$ cat start17.pdb   # PDB, C-alpha atoms
ATOM      1  CA  MET A 733     123.370 142.260 114.909
ATOM      2  CA  ILE A 734     124.641 138.802 115.869
ATOM      3  CA  ARG A 735     124.646 138.142 119.618
ATOM      4  CA  ASN A 736     124.565 134.322 119.657
ATOM      5  CA  VAL A 737     126.867 131.859 117.887
ATOM      6  CA  VAL A 738     125.739 128.218 117.831
ATOM      7  CA  PHE A 739     128.140 125.453 116.790
ATOM      8  CA  ASP A 740     127.456 121.905 115.674
ATOM      9  CA  ILE A 741     129.853 119.332 117.179
ATOM     10  CA  GLY A 742     130.579 116.510 114.708
ATOM     11  CA  GLY A 743     131.985 117.887 111.484
ATOM     12  CA  VAL A 744     132.602 121.347 112.976
ATOM     13  CA  LEU A 745     134.316 121.231 116.385
ATOM     14  CA  LEU A 746     135.310 117.614 115.819
ATOM     15  CA  ARG A 747     136.448 115.901 112.627
ATOM     16  CA  LEU A 748     134.640 112.645 111.902
ATOM     17  CA  ARG A 749     136.550 109.405 111.226
ATOM     18  CA  TYR A 750     133.928 106.794 110.307
ATOM     19  CA  GLN A 751     136.148 104.531 108.245
ATOM     20  CA  PRO A 752     137.814 102.530 111.077
ATOM     21  CA  PHE A 753     134.377 101.757 112.548
ATOM     22  CA  ILE A 754     133.047 100.705 109.150
ATOM     23  CA  GLU A 755     136.083  98.482 108.571
ATOM     24  CA  TYR A 756     135.712  96.926 112.036
ATOM     25  CA  LEU A 757     132.071  96.011 111.396
ATOM     26  CA  GLY A 758     132.864  94.852 107.878
ATOM     27  CA  GLY A 759     135.413  92.451 109.338
ATOM     28  CA  ALA A 760     132.631  91.017 111.494
ATOM     29  CA  GLY A 761     130.524  90.329 108.426
ATOM     30  CA  ILE A 762     128.182  93.305 108.655
ATOM     31  CA  ASP A 763     127.277  94.634 105.212
ATOM     32  CA  MET A 764     127.720  98.411 105.177
ATOM     33  CA  THR A 765     128.032  98.949 101.436
ATOM     34  CA  ASN A 766     124.868 101.078 101.550
ATOM     35  CA  LEU A 767     125.569 103.232 104.606
ATOM     36  CA  PRO A 768     122.360 105.341 104.543
ATOM     37  CA  ARG A 769     120.246 102.169 104.361
ATOM     38  CA  TRP A 770     122.266 100.592 107.186
ATOM     39  CA  LEU A 771     121.736 103.666 109.369
ATOM     40  CA  GLU A 772     118.003 103.331 108.782
ATOM     41  CA  GLN A 773     118.135  99.634 109.723
ATOM     42  CA  VAL A 774     119.732 100.326 113.101
ATOM     43  CA  ASP A 775     117.582 103.497 113.417
ATOM     44  CA  LEU A 776     120.339 105.925 114.327
ATOM     45  CA  ALA A 777     117.788 108.748 114.175
ATOM     46  CA  ALA A 778     115.758 107.149 116.987
ATOM     47  CA  HIS A 779     118.924 106.854 119.039
ATOM     48  CA  GLU A 780     119.791 110.516 118.504
ATOM     49  CA  ARG A 781     116.236 111.458 119.538
ATOM     50  CA  GLY A 782     116.764 109.547 122.776
ATOM     51  CA  GLU A 783     114.211 106.866 121.957
ATOM     52  CA  ILE A 784     116.771 104.058 122.292
ATOM     53  CA  THR A 785     119.927 104.122 124.405
ATOM     54  CA  GLY A 786     123.451 103.706 123.162
ATOM     55  CA  GLU A 787     123.565 100.229 124.676
ATOM     56  CA  GLU A 788     120.421  99.274 122.770
ATOM     57  CA  LEU A 789     121.830 100.679 119.536
ATOM     58  CA  LEU A 790     125.070  98.737 119.923
ATOM     59  CA  GLY A 791     123.039  95.616 120.704
ATOM     60  CA  ARG A 792     121.226  96.002 117.381
ATOM     61  CA  ILE A 793     124.553  96.387 115.597
ATOM     62  CA  ALA A 794     126.065  93.351 117.328
ATOM     63  CA  ALA A 795     123.065  91.239 116.318
ATOM     64  CA  MET A 796     123.961  91.803 112.656
ATOM     65  CA  ALA A 797     127.429  90.243 112.962
ATOM     66  CA  ARG A 798     128.218  86.723 111.745
ATOM     67  CA  GLU A 799     130.368  86.092 114.827
ATOM     68  CA  PRO A 800     129.849  87.432 118.367
ATOM     69  CA  LEU A 801     131.354  90.865 118.948
ATOM     70  CA  ASP A 802     133.008  91.794 122.220
ATOM     71  CA  PRO A 803     130.701  94.481 123.706
ATOM     72  CA  ARG A 804     133.572  96.509 125.146
ATOM     73  CA  GLU A 805     135.499  96.469 121.872
ATOM     74  CA  LEU A 806     132.390  97.446 119.916
ATOM     75  CA  GLN A 807     131.763 100.385 122.219
ATOM     76  CA  GLU A 808     135.385 101.527 121.971
ATOM     77  CA  HIS A 809     135.157 101.568 118.177
ATOM     78  CA  TRP A 810     131.821 103.403 118.340
ATOM     79  CA  LEU A 811     133.240 106.121 120.572
ATOM     80  CA  ASP A 812     136.600 106.481 118.824
ATOM     81  CA  MET A 813     135.591 108.229 115.612
ATOM     82  CA  PHE A 814     136.374 111.884 116.386
ATOM     83  CA  ASP A 815     139.426 114.161 116.370
ATOM     84  CA  GLN A 816     139.512 117.696 117.684
ATOM     85  CA  ALA A 817     139.361 120.480 115.085
ATOM     86  CA  HIS A 818     141.736 122.802 116.936
ATOM     87  CA  GLU A 819     141.065 126.001 114.961
ATOM     88  CA  MET A 820     137.335 125.721 115.536
ATOM     89  CA  PHE A 821     137.808 125.050 119.251
ATOM     90  CA  THR A 822     139.987 128.157 119.498
ATOM     91  CA  LEU A 823     137.342 130.165 117.661
ATOM     92  CA  ALA A 824     134.485 128.971 119.891
ATOM     93  CA  ALA A 825     136.453 129.604 123.079
ATOM     94  CA  GLY A 826     137.533 133.071 121.926
ATOM     95  CA  LEU A 827     134.040 134.172 120.961
ATOM     96  CA  ARG A 828     132.780 133.537 124.503
ATOM     97  CA  ASP A 829     134.142 136.860 125.736
ATOM     98  CA  GLU A 830     131.908 138.915 123.458
ATOM     99  CA  TYR A 831     129.090 136.606 122.342
ATOM    100  CA  ARG A 832     126.827 133.962 123.813
ATOM    101  CA  VAL A 833     128.166 130.657 122.483
ATOM    102  CA  PHE A 834     126.172 127.417 122.391
ATOM    103  CA  LEU A 835     126.323 123.890 120.983
ATOM    104  CA  LEU A 836     123.528 122.168 119.083
ATOM    105  CA  SER A 837     124.183 118.563 118.090
ATOM    106  CA  ASN A 838     122.454 115.427 116.859
ATOM    107  CA  ILE A 839     124.040 113.074 119.362
ATOM    108  CA  GLY A 840     123.227 110.062 121.526
ATOM    109  CA  ASP A 841     123.914 109.441 125.190
ATOM    110  CA  LEU A 842     127.125 107.401 124.855
ATOM    111  CA  HIS A 843     128.825 109.806 122.477
ATOM    112  CA  TRP A 844     127.768 112.795 124.571
ATOM    113  CA  ARG A 845     129.164 111.415 127.836
ATOM    114  CA  HIS A 846     132.407 110.365 126.163
ATOM    115  CA  LEU A 847     132.990 113.566 124.198
ATOM    116  CA  ASN A 848     131.975 115.931 126.987
ATOM    117  CA  ALA A 849     134.354 114.176 129.382
ATOM    118  CA  ARG A 850     137.172 114.291 126.829
ATOM    119  CA  TYR A 851     136.734 117.800 125.410
ATOM    120  CA  GLY A 852     134.903 119.702 128.160
ATOM    121  CA  PHE A 853     132.026 121.023 126.076
ATOM    122  CA  ASP A 854     130.106 122.197 129.139
ATOM    123  CA  ASP A 855     132.992 124.531 129.969
ATOM    124  CA  LEU A 856     133.654 125.593 126.370
ATOM    125  CA  THR A 857     130.262 127.210 125.829
ATOM    126  CA  HIS A 858     127.369 128.896 127.631
ATOM    127  CA  GLY A 859     125.052 125.951 127.037
ATOM    128  CA  VAL A 860     124.388 122.770 125.068
ATOM    129  CA  ILE A 861     121.399 121.249 123.306
ATOM    130  CA  ALA A 862     121.991 117.521 122.793
ATOM    131  CA  SER A 863     119.289 115.968 120.623
ATOM    132  CA  PHE A 864     118.805 112.862 122.765
ATOM    133  CA  ARG A 865     117.747 115.103 125.664
ATOM    134  CA  VAL A 866     115.078 117.058 123.770
ATOM    135  CA  GLY A 867     113.626 114.283 121.603
ATOM    136  CA  ALA A 868     114.225 116.034 118.283
ATOM    137  CA  ILE A 869     117.006 116.108 115.704
ATOM    138  CA  LYS A 870     118.168 118.554 113.056
ATOM    139  CA  PRO A 871     116.841 119.624 110.616
ATOM    140  CA  SER A 872     113.465 119.462 112.398
ATOM    141  CA  ALA A 873     112.249 122.905 113.466
ATOM    142  CA  ALA A 874     111.501 121.442 116.901
ATOM    143  CA  ILE A 875     115.159 121.327 117.928
ATOM    144  CA  TYR A 876     115.871 124.908 116.842
ATOM    145  CA  ARG A 877     112.787 126.144 118.692
ATOM    146  CA  ALA A 878     113.832 124.183 121.792
ATOM    147  CA  THR A 879     117.212 125.901 121.623
ATOM    148  CA  GLU A 880     115.560 129.319 121.367
ATOM    149  CA  ARG A 881     113.351 128.618 124.375
ATOM    150  CA  GLN A 882     116.068 127.184 126.572
ATOM    151  CA  PHE A 883     118.580 129.952 125.966
ATOM    152  CA  GLY A 884     116.328 132.880 125.122
ATOM    153  CA  LEU A 885     117.662 133.265 121.586
ATOM    154  CA  GLU A 886     116.318 135.785 119.104
ATOM    155  CA  PRO A 887     116.495 133.994 115.732
ATOM    156  CA  ALA A 888     117.680 136.984 113.698
ATOM    157  CA  ALA A 889     120.492 137.615 116.206
ATOM    158  CA  THR A 890     121.697 133.995 116.075
ATOM    159  CA  VAL A 891     124.132 132.351 113.656
ATOM    160  CA  PHE A 892     124.399 128.573 113.395
ATOM    161  CA  ILE A 893     127.439 126.738 112.014
ATOM    162  CA  ASP A 894     126.923 123.192 110.702
ATOM    163  CA  ASP A 895     128.632 120.944 108.149
ATOM    164  CA  LEU A 896     125.406 119.543 106.617
ATOM    165  CA  PRO A 897     123.409 121.667 104.155
ATOM    166  CA  GLN A 898     120.057 120.314 105.344
ATOM    167  CA  ASN A 899     120.787 121.410 108.914
ATOM    168  CA  VAL A 900     121.821 124.851 107.706
ATOM    169  CA  ALA A 901     118.568 125.080 105.744
ATOM    170  CA  GLY A 902     116.600 123.995 108.820
ATOM    171  CA  ALA A 903     118.083 126.822 110.863
ATOM    172  CA  GLN A 904     117.429 129.358 108.106
ATOM    173  CA  ALA A 905     113.810 128.211 107.872
ATOM    174  CA  CYS A 906     113.485 129.160 111.552
ATOM    175  CA  GLY A 907     114.836 132.653 110.876
ATOM    176  CA  TRP A 908     118.402 132.041 112.024
ATOM    177  CA  GLN A 909     121.492 133.137 110.182
ATOM    178  CA  ALA A 910     123.463 130.034 109.214
ATOM    179  CA  ILE A 911     126.830 129.025 107.759
ATOM    180  CA  HIS A 912     127.597 125.819 105.890
ATOM    181  CA  HIS A 913     130.961 124.866 107.388
ATOM    182  CA  ARG A 914     133.453 123.514 104.875
ATOM    183  CA  ASP A 915     136.748 124.741 106.296
ATOM    184  CA  PRO A 916     137.772 127.094 109.131
ATOM    185  CA  VAL A 917     138.992 129.918 106.903
ATOM    186  CA  ALA A 918     135.758 130.084 104.894
ATOM    187  CA  THR A 919     133.657 129.929 108.059
ATOM    188  CA  ARG A 920     135.572 132.798 109.648
ATOM    189  CA  ARG A 921     135.141 134.811 106.459
ATOM    190  CA  GLN A 922     131.368 134.297 106.586
ATOM    191  CA  LEU A 923     131.249 135.237 110.270
ATOM    192  CA  ARG A 924     133.014 138.499 109.466
ATOM    193  CA  ALA A 925     130.523 139.158 106.687
ATOM    194  CA  LEU A 926     127.769 138.924 109.322
ATOM    195  CA  GLY A 927     129.579 141.498 111.451
ATOM    196  CA  VAL A 928     130.955 139.045 114.013
ATOM    197  CA  ARG A 929     134.174 140.313 115.614
ATOM    198  CA  LEU A 930     136.650 137.470 115.703
ATOM    199  CA  PRO A 931     138.992 136.858 118.625
ATOM    200  CA  PRO A 932     142.782 136.626 118.488
ATOM    201  CA  PRO A 933     144.539 135.030 116.671
ATOM    202  CA  PHE A 934     141.957 135.464 113.885
ATOM    203  CA  ALA A 935     141.127 139.160 114.203
ATOM    204  CA  GLU A 936     143.971 140.314 111.959
ATOM    205  CA  GLU A 937     143.510 137.788 109.144
TER
END
$ encode --input "start17.pdb" --output "structure tokens"
Amino acid sequence: MIRNVVFDIGGVLLRLRYQPFIEYLGGAGIDMTNLPRWLEQVDLAAHERGEITGEELLGRIAAMAREPLDPRELQEHWLDMFDQAHEMFTLAAGLRDEYRVFLLSNIGDLHWRHLNARYGFDDLTHGVIASFRVGAIKPSAAIYRATERQFGLEPAATVFIDDLPQNVAGAQACGWQAIHHRDPVATRRQLRALGVRLPPPFAEE
């Protein structure tokens, strides 16, 4: 029986809009044609593990530009790449009455402060695991185990919702139930299949 529902943030509760940021950096002469390689160059993973701060990460990015970038403008573009996924917010908030609801996100310090202030994640759920605070990122087993310890989760009674298949697989390898989020309707259907009782306005779908 599911007692805990754990949501990812980016790609689940928030829709990601990378393109304006990519275009902004491209206009400054930063080559982002191979995005995975670029992310390795700036070491986004280290940032999300809390090994380098957001300011340090943005400094690395600025150093790649042909012309000096305004630090405030760069930070604004870095922070402004999310839109609220309203159906998923409504689902998470509604599940709180009957289930323990948590967030588990690969996220750095700047994005966390900005998004928590804007969307009130601390009030939306019963608890949050932000990767930069625990020194581990999905799909490493370490971050799922840290979540279990901090919130007293039984893996088999926990379902995790994430938009990336590798993160879903990481949760399943730790004994969690997990859903690959593609769209709200499909995710709600899979929650029902696990026996999760959905809140209004989704209960009668």
$ resolve_selection --input "start17.pdb" --expression "the PyMOL selection byres ((chain A and resi 865) around 9)" --output "VMD selection string"
chain A and resid 780 to 782 840 to 841 861 to 864 866 to 868
$ closest_residue --input "start17.pdb" --among "A:Leu789, A:Ala849, A:Met820, A:Ile784" --to "His913 in chain A" --atoms "all atoms listed in the file"
A:Met820
$ resolve_selection --input "start17.pdb" --expression "the PyMOL selection byres ((chain A and resi 830) around 10)" --output "ChimeraX atom specification"
/A:735-736,826-829,831-833,928-931
$ closest_residue --input "start17.pdb" --among "A:Leu896, A:Leu748, A:Leu776, A:Ala797" --to "Lys870 in chain A" --atoms "only C-alpha atoms"
A:Leu896
$ closest_residue --input "start17.pdb" --among "A:Phe739, A:Gln882, A:Ala824, A:Cys906" --to "Ser837 in chain A" --atoms "all atoms listed in the file"
A:Phe739
$ resolve_selection --input "start17.pdb" --expression "the PyMOL selection byres ((chain A and resi 752-754) around 8)" --output "PDB file with C-alpha atoms, keeping the file's coordinate frame"
ATOM      1  CA  ARG A 749     136.550 109.405 111.226  1.00  0.00           C
ATOM      2  CA  TYR A 750     133.928 106.794 110.307  1.00  0.00           C
ATOM      3  CA  GLN A 751     136.148 104.531 108.245  1.00  0.00           C
ATOM      4  CA  GLU A 755     136.083  98.482 108.571  1.00  0.00           C
ATOM      5  CA  TYR A 756     135.712  96.926 112.036  1.00  0.00           C
ATOM      6  CA  LEU A 757     132.071  96.011 111.396  1.00  0.00           C
ATOM      7  CA  GLY A 758     132.864  94.852 107.878  1.00  0.00           C
ATOM      8  CA  MET A 764     127.720  98.411 105.177  1.00  0.00           C
ATOM      9  CA  HIS A 809     135.157 101.568 118.177  1.00  0.00           C
ATOM     10  CA  TRP A 810     131.821 103.403 118.340  1.00  0.00           C
ATOM     11  CA  MET A 813     135.591 108.229 115.612  1.00  0.00           C
TER      12      MET A 813
END
$ residues_around --input "start17.pdb" --residues "Gln904 in chain A" --least-positions-apart "6" --cutoff "10 Å" --atoms "only C-alpha atoms" --output "VMD selection string"
chain A and resid 873 876 887 to 888 891 to 892 898 910 to 911
$ closest_residue --input "start17.pdb" --among "A:Ala874, A:Thr822, A:Ala817, A:Ala795" --to "Thr857 in chain A" --atoms "only C-alpha atoms"
A:Thr822
